[in-house]
>>> print(open('data.cif').read())   # mmCIF, C-alpha atoms
data_final
#
loop_
_atom_site.label_atom_id
_atom_site.label_comp_id
_atom_site.auth_asym_id
_atom_site.auth_seq_id
_atom_site.Cartn_x
_atom_site.Cartn_y
_atom_site.Cartn_z
CA THR A 13 -17.82 -38.27 31.81
CA ILE A 14 -18.94 -36.13 34.72
CA ALA A 15 -18.74 -38.85 37.32
CA GLY A 16 -21.04 -39.15 40.30
CA ASN A 17 -20.72 -41.89 42.87
CA GLU A 18 -20.88 -45.01 40.71
CA ASN A 19 -20.89 -47.45 43.62
CA THR A 20 -23.85 -46.22 45.63
CA PHE A 21 -27.31 -44.94 44.77
CA SER A 22 -26.93 -41.78 46.83
CA GLY A 23 -24.22 -40.59 44.45
CA GLU A 24 -22.67 -37.29 45.45
CA GLY A 25 -22.03 -35.76 42.06
CA SER A 26 -19.46 -33.50 40.55
CA PHE A 27 -21.42 -30.26 41.04
CA GLU A 28 -23.99 -31.32 43.60
CA GLY A 29 -25.24 -28.49 45.77
CA CYS A 30 -23.70 -25.65 43.72
CA ASN A 31 -26.57 -23.40 44.72
CA ALA A 32 -25.34 -20.27 42.92
CA LEU A 33 -25.30 -22.04 39.54
CA THR A 34 -28.02 -20.55 37.30
CA SER A 35 -26.95 -21.44 33.74
CA LEU A 36 -25.41 -24.58 32.25
CA LYS A 37 -24.32 -25.64 28.76
CA ILE A 38 -23.04 -29.21 28.66
CA SER A 39 -21.58 -31.51 26.01
CA ALA A 40 -19.98 -34.26 28.15
CA LYS A 41 -20.85 -37.69 26.75
CA THR A 42 -21.91 -38.97 30.18
CA ILE A 43 -23.54 -36.83 32.87
CA GLY A 44 -22.97 -39.02 35.93
CA ARG A 45 -25.04 -39.86 38.98
CA GLY A 46 -26.07 -36.85 41.01
CA ALA A 47 -23.86 -34.59 38.89
CA PHE A 48 -25.99 -31.46 39.43
CA LYS A 49 -28.28 -32.79 42.13
CA GLY A 50 -29.88 -30.11 44.27
CA CYS A 51 -28.63 -27.12 42.27
CA LYS A 52 -31.84 -25.41 43.25
CA ASN A 53 -31.23 -22.12 41.40
CA LEU A 54 -30.28 -23.71 38.08
CA GLU A 55 -32.70 -22.28 35.51
CA GLU A 56 -31.19 -22.60 32.03
CA VAL A 57 -29.85 -25.97 30.87
CA THR A 58 -28.58 -26.65 27.34
CA ILE A 59 -27.81 -30.30 26.69
CA GLU A 60 -25.91 -30.45 23.42
CA GLU A 61 -26.07 -33.02 20.64
CA GLY A 62 -23.49 -35.70 21.38
CA VAL A 63 -24.41 -36.32 25.02
CA LYS A 64 -25.17 -40.05 25.35
CA THR A 65 -26.13 -40.77 28.96
CA ILE A 66 -27.85 -38.76 31.69
CA ALA A 67 -27.54 -40.92 34.79
CA TYR A 68 -29.42 -41.54 38.02
CA GLN A 69 -30.37 -38.32 39.88
CA ALA A 70 -28.18 -36.22 37.56
CA PHE A 71 -30.49 -33.19 37.94
CA TYR A 72 -32.59 -34.44 40.85
CA GLY A 73 -34.33 -31.62 42.70
CA CYS A 74 -33.19 -28.83 40.38
CA LYS A 75 -36.28 -26.81 41.11
CA GLY A 76 -35.57 -23.83 38.84
CA ILE A 77 -35.51 -25.50 35.40
CA GLU A 78 -38.60 -24.49 33.40
CA SER A 79 -37.83 -25.73 29.88
CA LEU A 80 -35.72 -28.62 28.63
CA VAL A 81 -34.66 -30.12 25.30
CA ILE A 82 -32.99 -33.54 25.38
CA PRO A 83 -31.41 -34.41 22.01
CA ALA A 84 -31.70 -37.67 20.08
CA SER A 85 -28.03 -38.47 20.71
CA VAL A 86 -28.95 -39.37 24.30
CA GLU A 87 -29.26 -43.14 24.52
CA THR A 88 -30.64 -43.31 28.03
CA LEU A 89 -31.99 -41.27 30.93
CA ALA A 90 -31.21 -43.75 33.64
CA GLY A 91 -33.40 -44.04 36.70
CA ASN A 92 -32.56 -46.36 39.56
CA GLU A 93 -32.46 -49.65 37.70
CA ASN A 94 -32.08 -51.79 40.83
CA THR A 95 -35.15 -50.69 42.74
CA PHE A 96 -38.72 -49.97 41.73
CA SER A 97 -38.81 -46.56 43.41
CA GLY A 98 -36.23 -45.34 40.89
CA GLU A 99 -35.34 -41.73 41.59
CA GLY A 100 -34.79 -40.53 38.06
CA SER A 101 -32.60 -38.10 36.22
CA PHE A 102 -34.96 -35.11 36.53
CA GLU A 103 -37.24 -36.24 39.33
CA GLY A 104 -38.53 -33.42 41.49
CA CYS A 105 -37.79 -30.66 38.98
CA ASN A 106 -40.99 -28.96 40.06
CA ALA A 107 -40.69 -25.83 37.89
CA LEU A 108 -40.35 -27.81 34.66
CA VAL A 109 -43.18 -26.83 32.32
CA SER A 110 -41.99 -27.76 28.82
CA LEU A 111 -40.08 -30.83 27.64
CA LYS A 112 -38.94 -32.01 24.21
CA ILE A 113 -37.21 -35.38 24.34
CA GLY A 114 -35.51 -37.59 21.78
CA ALA A 115 -33.60 -39.93 24.13
CA GLN A 116 -33.90 -43.56 23.06
CA THR A 117 -34.70 -44.73 26.58
CA ILE A 118 -36.54 -42.63 29.16
CA GLY A 119 -35.58 -44.44 32.36
CA ARG A 120 -37.40 -45.29 35.55
CA GLY A 121 -38.78 -42.29 37.37
CA ALA A 122 -37.00 -39.93 34.97
CA PHE A 123 -39.56 -37.10 35.39
CA LYS A 124 -41.49 -38.52 38.31
CA GLY A 125 -43.37 -35.93 40.31
CA CYS A 126 -42.70 -33.01 37.95
CA GLU A 127 -46.14 -31.71 38.86
CA ASN A 128 -46.07 -28.55 36.72
CA LEU A 129 -44.98 -30.26 33.50
CA LYS A 130 -47.60 -29.39 30.87
CA GLU A 131 -46.08 -29.67 27.39
CA VAL A 132 -44.36 -32.93 26.51
CA THR A 133 -43.08 -33.73 23.02
CA ILE A 134 -41.84 -37.29 22.65
CA GLU A 135 -39.97 -37.45 19.37
CA GLU A 136 -39.92 -40.22 16.79
CA GLY A 137 -36.94 -42.42 17.64
CA VAL A 138 -37.71 -42.86 21.35
CA LYS A 139 -37.87 -46.63 21.98
CA THR A 140 -38.65 -47.18 25.66
CA ILE A 141 -40.58 -45.23 28.29
CA ALA A 142 -39.88 -47.06 31.52
CA TYR A 143 -41.57 -47.67 34.86
CA GLN A 144 -42.90 -44.48 36.51
CA ALA A 145 -41.10 -42.30 33.96
CA PHE A 146 -43.81 -39.61 34.18
CA TYR A 147 -45.58 -40.86 37.28
CA GLY A 148 -47.67 -38.16 38.96
CA CYS A 149 -47.03 -35.47 36.35
CA LYS A 150 -50.35 -33.81 37.06
CA GLY A 151 -50.13 -30.99 34.51
CA ILE A 152 -49.93 -32.93 31.23
CA LYS A 153 -53.18 -32.54 29.29
CA SER A 154 -52.37 -33.98 25.87
CA LEU A 155 -49.91 -36.62 24.75
CA VAL A 156 -48.74 -38.25 21.52
CA ILE A 157 -46.58 -41.36 21.82
CA PRO A 158 -44.98 -42.27 18.47
CA ALA A 159 -44.84 -45.69 16.83
CA SER A 160 -41.07 -45.89 17.37
CA VAL A 161 -41.76 -46.61 21.06
CA GLU A 162 -41.52 -50.37 21.57
CA THR A 163 -42.76 -50.42 25.14
CA LEU A 164 -44.33 -48.37 27.90
CA ALA A 165 -43.08 -50.47 30.76
CA GLY A 166 -45.09 -50.78 33.94
CA ASN A 167 -43.89 -52.72 36.96
CA GLU A 168 -43.46 -56.14 35.40
CA ASN A 169 -42.77 -57.89 38.72
CA THR A 170 -46.02 -57.09 40.47
CA PHE A 171 -49.62 -57.46 39.45
CA SER A 172 -50.82 -53.90 39.96
CA GLY A 173 -47.87 -52.16 38.31
CA GLU A 174 -47.31 -48.44 38.64
CA GLY A 175 -47.03 -47.40 35.05
CA SER A 176 -45.23 -44.88 32.94
CA PHE A 177 -47.97 -42.23 33.10
CA GLU A 178 -49.95 -43.39 36.10
CA GLY A 179 -51.54 -40.60 38.07
CA CYS A 180 -51.31 -38.01 35.29
CA SER A 181 -54.65 -36.70 36.45
CA ALA A 182 -55.02 -33.82 33.94
CA LEU A 183 -54.38 -35.97 30.87
CA ALA A 184 -57.43 -35.67 28.60
CA THR A 185 -56.32 -36.75 25.12
CA LEU A 186 -53.96 -39.53 24.10
CA LYS A 187 -52.72 -40.85 20.77
CA ILE A 188 -50.51 -43.90 21.14
CA GLY A 189 -48.54 -46.04 18.71
CA ALA A 190 -46.27 -47.88 21.16
CA LYS A 191 -46.09 -51.59 20.36
CA THR A 192 -46.57 -52.57 24.01
CA ILE A 193 -48.64 -50.57 26.49
CA GLY A 194 -47.31 -51.80 29.82
CA ARG A 195 -48.99 -52.67 33.10
CA GLY A 196 -50.81 -49.76 34.69
CA ALA A 197 -49.38 -47.41 32.06
CA PHE A 198 -52.28 -44.93 32.34
CA LYS A 199 -53.88 -46.28 35.48
CA GLY A 200 -55.92 -43.73 37.37
CA CYS A 201 -55.82 -41.03 34.69
CA GLY A 202 -59.28 -39.98 35.74
CA ASN A 203 -59.77 -37.15 33.21
CA LEU A 204 -58.66 -39.12 30.15
CA LYS A 205 -61.48 -38.88 27.60
CA GLU A 206 -60.11 -39.34 24.08
CA VAL A 207 -57.86 -42.32 23.36
CA THR A 208 -56.58 -43.27 19.92
CA ILE A 209 -54.77 -46.61 19.83
CA GLU A 210 -53.05 -46.78 16.47
CA GLU A 211 -52.65 -49.71 14.12
CA GLY A 212 -49.37 -51.42 14.98
CA VAL A 213 -49.96 -51.65 18.73
CA LYS A 214 -49.63 -55.33 19.65
CA THR A 215 -50.07 -55.71 23.40
CA ILE A 216 -52.12 -53.95 26.09
CA LYS A 217 -50.98 -55.23 29.49
CA ASP A 218 -52.86 -55.70 32.76
CA GLU A 219 -54.64 -52.61 34.14
CA ALA A 220 -53.19 -50.37 31.41
CA PHE A 221 -56.25 -48.08 31.48
CA SER A 222 -57.74 -49.15 34.80
CA GLY A 223 -59.65 -46.39 36.51
CA CYS A 224 -59.80 -44.11 33.45
CA LYS A 225 -63.45 -43.48 34.23
CA MET A 226 -64.08 -40.62 31.77
CA ILE A 227 -63.35 -42.67 28.64
CA THR A 228 -66.56 -43.46 26.78
CA LYS A 229 -65.07 -45.24 23.76
CA ILE A 230 -61.85 -47.05 22.85
CA THR A 231 -61.26 -48.61 19.45
CA VAL A 232 -58.78 -51.47 19.61
CA PRO A 233 -57.11 -52.07 16.22
CA SER A 234 -56.76 -55.50 14.62
CA SER A 235 -52.98 -55.44 15.21
CA VAL A 236 -53.55 -56.02 18.96
CA THR A 237 -53.03 -59.71 19.76
CA GLU A 238 -52.99 -59.58 23.58
CA ILE A 239 -55.15 -57.71 26.09
CA GLY A 240 -54.24 -58.27 29.72
CA LEU A 241 -56.41 -58.69 32.79
CA ASN A 242 -58.48 -55.56 33.56
CA ALA A 243 -56.55 -53.67 30.85
CA LEU A 244 -59.67 -51.79 29.82
CA ARG A 245 -61.49 -51.82 33.14
CA LEU A 246 -62.44 -48.17 33.25
CA THR A 247 -63.60 -48.14 36.87
CA ILE A 248 -61.67 -49.23 39.96
#
>>> encode(input="data.cif", output="structure tokens")
Amino acid sequence: TIAGNENTFSGEGSFEGCNALTSLKISAKTIGRGAFKGCKNLEEVTIEEGVKTIAYQAFYGCKGIESLVIPASVETLAGNENTFSGEGSFEGCNALVSLKIGAQTIGRGAFKGCENLKEVTIEEGVKTIAYQAFYGCKGIKSLVIPASVETLAGNENTFSGEGSFEGCSALATLKIGAKTIGRGAFKGCGNLKEVTIEEGVKTIKDEAFSGCKMITKITVPSSVTEIGLNALRLTI
């Protein structure tokens, strides 16, 4: 383990603020809280197969990372699990453009506010995409969510819910096989036009597509047994 502060959410990590660091290759099983937080000149990051956990704020505010591959050995990218704001593992990595991710759980706020993120590949084997995981990622245009995903989790404790991909304003095409599409998952994705909900999806929660005003047609497969309040209300 590379251990951040495990007793507080601020977490001053092992290499926090190492501003001259530009390249990193890491194989530690656990990358702890705030481990590389604020390493603003870090550009090249290689996360090797065998890493299991990337914790809260591990790479928060690393504004130089442009491309990232997270292997399938990673069990969780852990956001702040005790509050809904959840500052996630890679939140605020504003230069990030390309992401390939196989982690089983993409935690709360993991890539929140990565405004320049454009290419996202979510690999088969990912199981959970949590609350606000990609909230406000305004550059993503196309997205495929595989059938291995059991849930896109919105805010389950409030009615409105800020969902996994809420505010992804450039998103235009979506193919989704996740068994549960959580509350507000794509709320306010105002340019979303083409949506394919695949056979096998079971639940579409409240306000999942609320405010997606450009959608002209959605086909809901027979596998869906529950559609929540305003789930398909395409205007706000």
>>> residues_around(input="data.cif", residues="segment 119-123 of chain A", least_positions_apart="3", cutoff="6 Å", atoms="all atoms listed in the file", output="MDAnalysis selection string")
chainID A and resid 89:91 98:103 126 142:146
>>> residues_around(input="data.cif", residues="Ala84 of chain A", least_positions_apart="6", cutoff="12 Å", atoms="all atoms listed in the file", output="MDAnalysis selection string")
chainID A and resid 59:65 112:118 134:139
>>> write_last_selection(input="data.cif", atoms="C-alpha atoms", output="short mmCIF file (atom, residue, chain, number, x, y, z; two decimals), in the frame of the given file")
data_model
loop_
_atom_site.label_atom_id
_atom_site.label_comp_id
_atom_site.auth_asym_id
_atom_site.auth_seq_id
_atom_site.Cartn_x
_atom_site.Cartn_y
_atom_site.Cartn_z
CA ILE A 59 -27.81 -30.30 26.69
CA GLU A 60 -25.91 -30.45 23.42
CA GLU A 61 -26.07 -33.02 20.64
CA GLY A 62 -23.49 -35.70 21.38
CA VAL A 63 -24.41 -36.32 25.02
CA LYS A 64 -25.17 -40.05 25.35
CA THR A 65 -26.13 -40.77 28.96
CA LYS A 112 -38.94 -32.01 24.21
CA ILE A 113 -37.21 -35.38 24.34
CA GLY A 114 -35.51 -37.59 21.78
CA ALA A 115 -33.60 -39.93 24.13
CA GLN A 116 -33.90 -43.56 23.06
CA THR A 117 -34.70 -44.73 26.58
CA ILE A 118 -36.54 -42.63 29.16
CA ILE A 134 -41.84 -37.29 22.65
CA GLU A 135 -39.97 -37.45 19.37
CA GLU A 136 -39.92 -40.22 16.79
CA GLY A 137 -36.94 -42.42 17.64
CA VAL A 138 -37.71 -42.86 21.35
CA LYS A 139 -37.87 -46.63 21.98
#
>>> resolve_selection(input="data.cif", expression="the PyMOL selection byres ((chain A and resi 158) around 10)", output="list of chain:residue names")
A:Thr133, A:Ile134, A:Glu135, A:Glu136, A:Gly137, A:Val138, A:Lys139, A:Leu155, A:Val156, A:Ile157, A:Ala159, A:Ser160, A:Val161, A:Glu162, A:Lys187, A:Ile188, A:Gly189, A:Ala190, A:Lys191, A:Glu210
>>> atom_distance(input="data.cif", atom1="atom CA of Thr140 of chain A", atom2="atom CA of Lys199 of chain A")
18.1 Å
>>> resolve_selection(input="data.cif", expression="the PyMOL selection byres ((chain A and resi 38) around 7)", output="mmCIF file with C-alpha atoms, in the frame of the given file")
data_model
loop_
_atom_site.group_PDB
_atom_site.id
_atom_site.type_symbol
_atom_site.label_atom_id
_atom_site.label_comp_id
_atom_site.auth_asym_id
_atom_site.auth_seq_id
_atom_site.Cartn_x
_atom_site.Cartn_y
_atom_site.Cartn_z
ATOM 1 C CA LEU A 36 -25.410 -24.580 32.250
ATOM 2 C CA LYS A 37 -24.320 -25.640 28.760
ATOM 3 C CA SER A 39 -21.580 -31.510 26.010
ATOM 4 C CA ALA A 40 -19.980 -34.260 28.150
ATOM 5 C CA THR A 58 -28.580 -26.650 27.340
ATOM 6 C CA ILE A 59 -27.810 -30.300 26.690
ATOM 7 C CA GLU A 60 -25.910 -30.450 23.420
#
>>> residues_around(input="data.cif", residues="Gly76 of chain A", least_positions_apart="3", cutoff="8 Å", atoms="only C-alpha atoms", output="list in words")
Lys52, Asn53, Leu54, Glu55, Cys105, Asn106, Ala107 and Leu108 of chain A
>>> axis_aligned_box(input="data.cif", around="segment 31-37 of chain A", padding_each_side="5 Å", output="lines of an AutoDock Vina configuration file")
center_x = -26.2
center_y = -23.0
center_z = 36.7
size_x = 13.7
size_y = 15.4
size_z = 26.0
>>> closest_residue(input="data.cif", among="A:Asn128, A:Ser26, A:Ser154, A:Ser176", to="Val207 of chain A", atoms="all atoms listed in the file")
A:Ser154
>>> closest_residue(input="data.cif", among="A:Glu178, A:Glu56, A:Glu87, A:Glu78", to="Cys224 of chain A", atoms="all atoms listed in the file")
A:Glu178
>>> closest_residue(input="data.cif", among="A:Ile239, A:Ala47, A:Val109, A:Val232", to="Lys75 of chain A", atoms="only C-alpha atoms")
A:Val109
>>> atom_distance(input="data.cif", atom1="atom CA of Gly50 of chain A", atom2="atom CA of Ala182 of chain A")
27.4 Å
>>> resolve_selection(input="data.cif", expression="the PyMOL selection byres ((chain A and resi 215) around 10)", output="list in words")
Thr163, Ala190, Lys191, Thr192, Ile193, Gly194, Gly212, Val213, Lys214, Ile216, Lys217, Asp218, Ser235, Val236, Thr237, Glu238, Ile239 and Gly240 of chain A
>>> closest_residue(input="data.cif", among="A:Gly200, A:Gly44, A:Gly25, A:Gly104", to="Tyr72 of chain A", atoms="all atoms listed in the file")
A:Gly104
>>> atom_distance(input="data.cif", atom1="atom CA of Glu127 of chain A", atom2="atom CA of Gly151 of chain A")
5.9 Å
>>> closest_residue(input="data.cif", among="A:Ala67, A:Cys74, A:Ile14, A:Ala184", to="Ala32 of chain A", atoms="only C-alpha atoms")
A:Cys74
>>> closest_residue(input="data.cif", among="A:Phe198, A:Phe221, A:Tyr68, A:Phe177", to="Gly125 of chain A", atoms="all atoms listed in the file")
A:Phe177
>>> residues_around(input="data.cif", residues="Cys180 of chain A", least_positions_apart="2", cutoff="7 Å", atoms="all atoms listed in the file", output="list in words")
Tyr147, Gly148, Cys149, Lys150, Ile152, Phe177, Glu178, Ala182, Leu183 and Cys201 of chain A
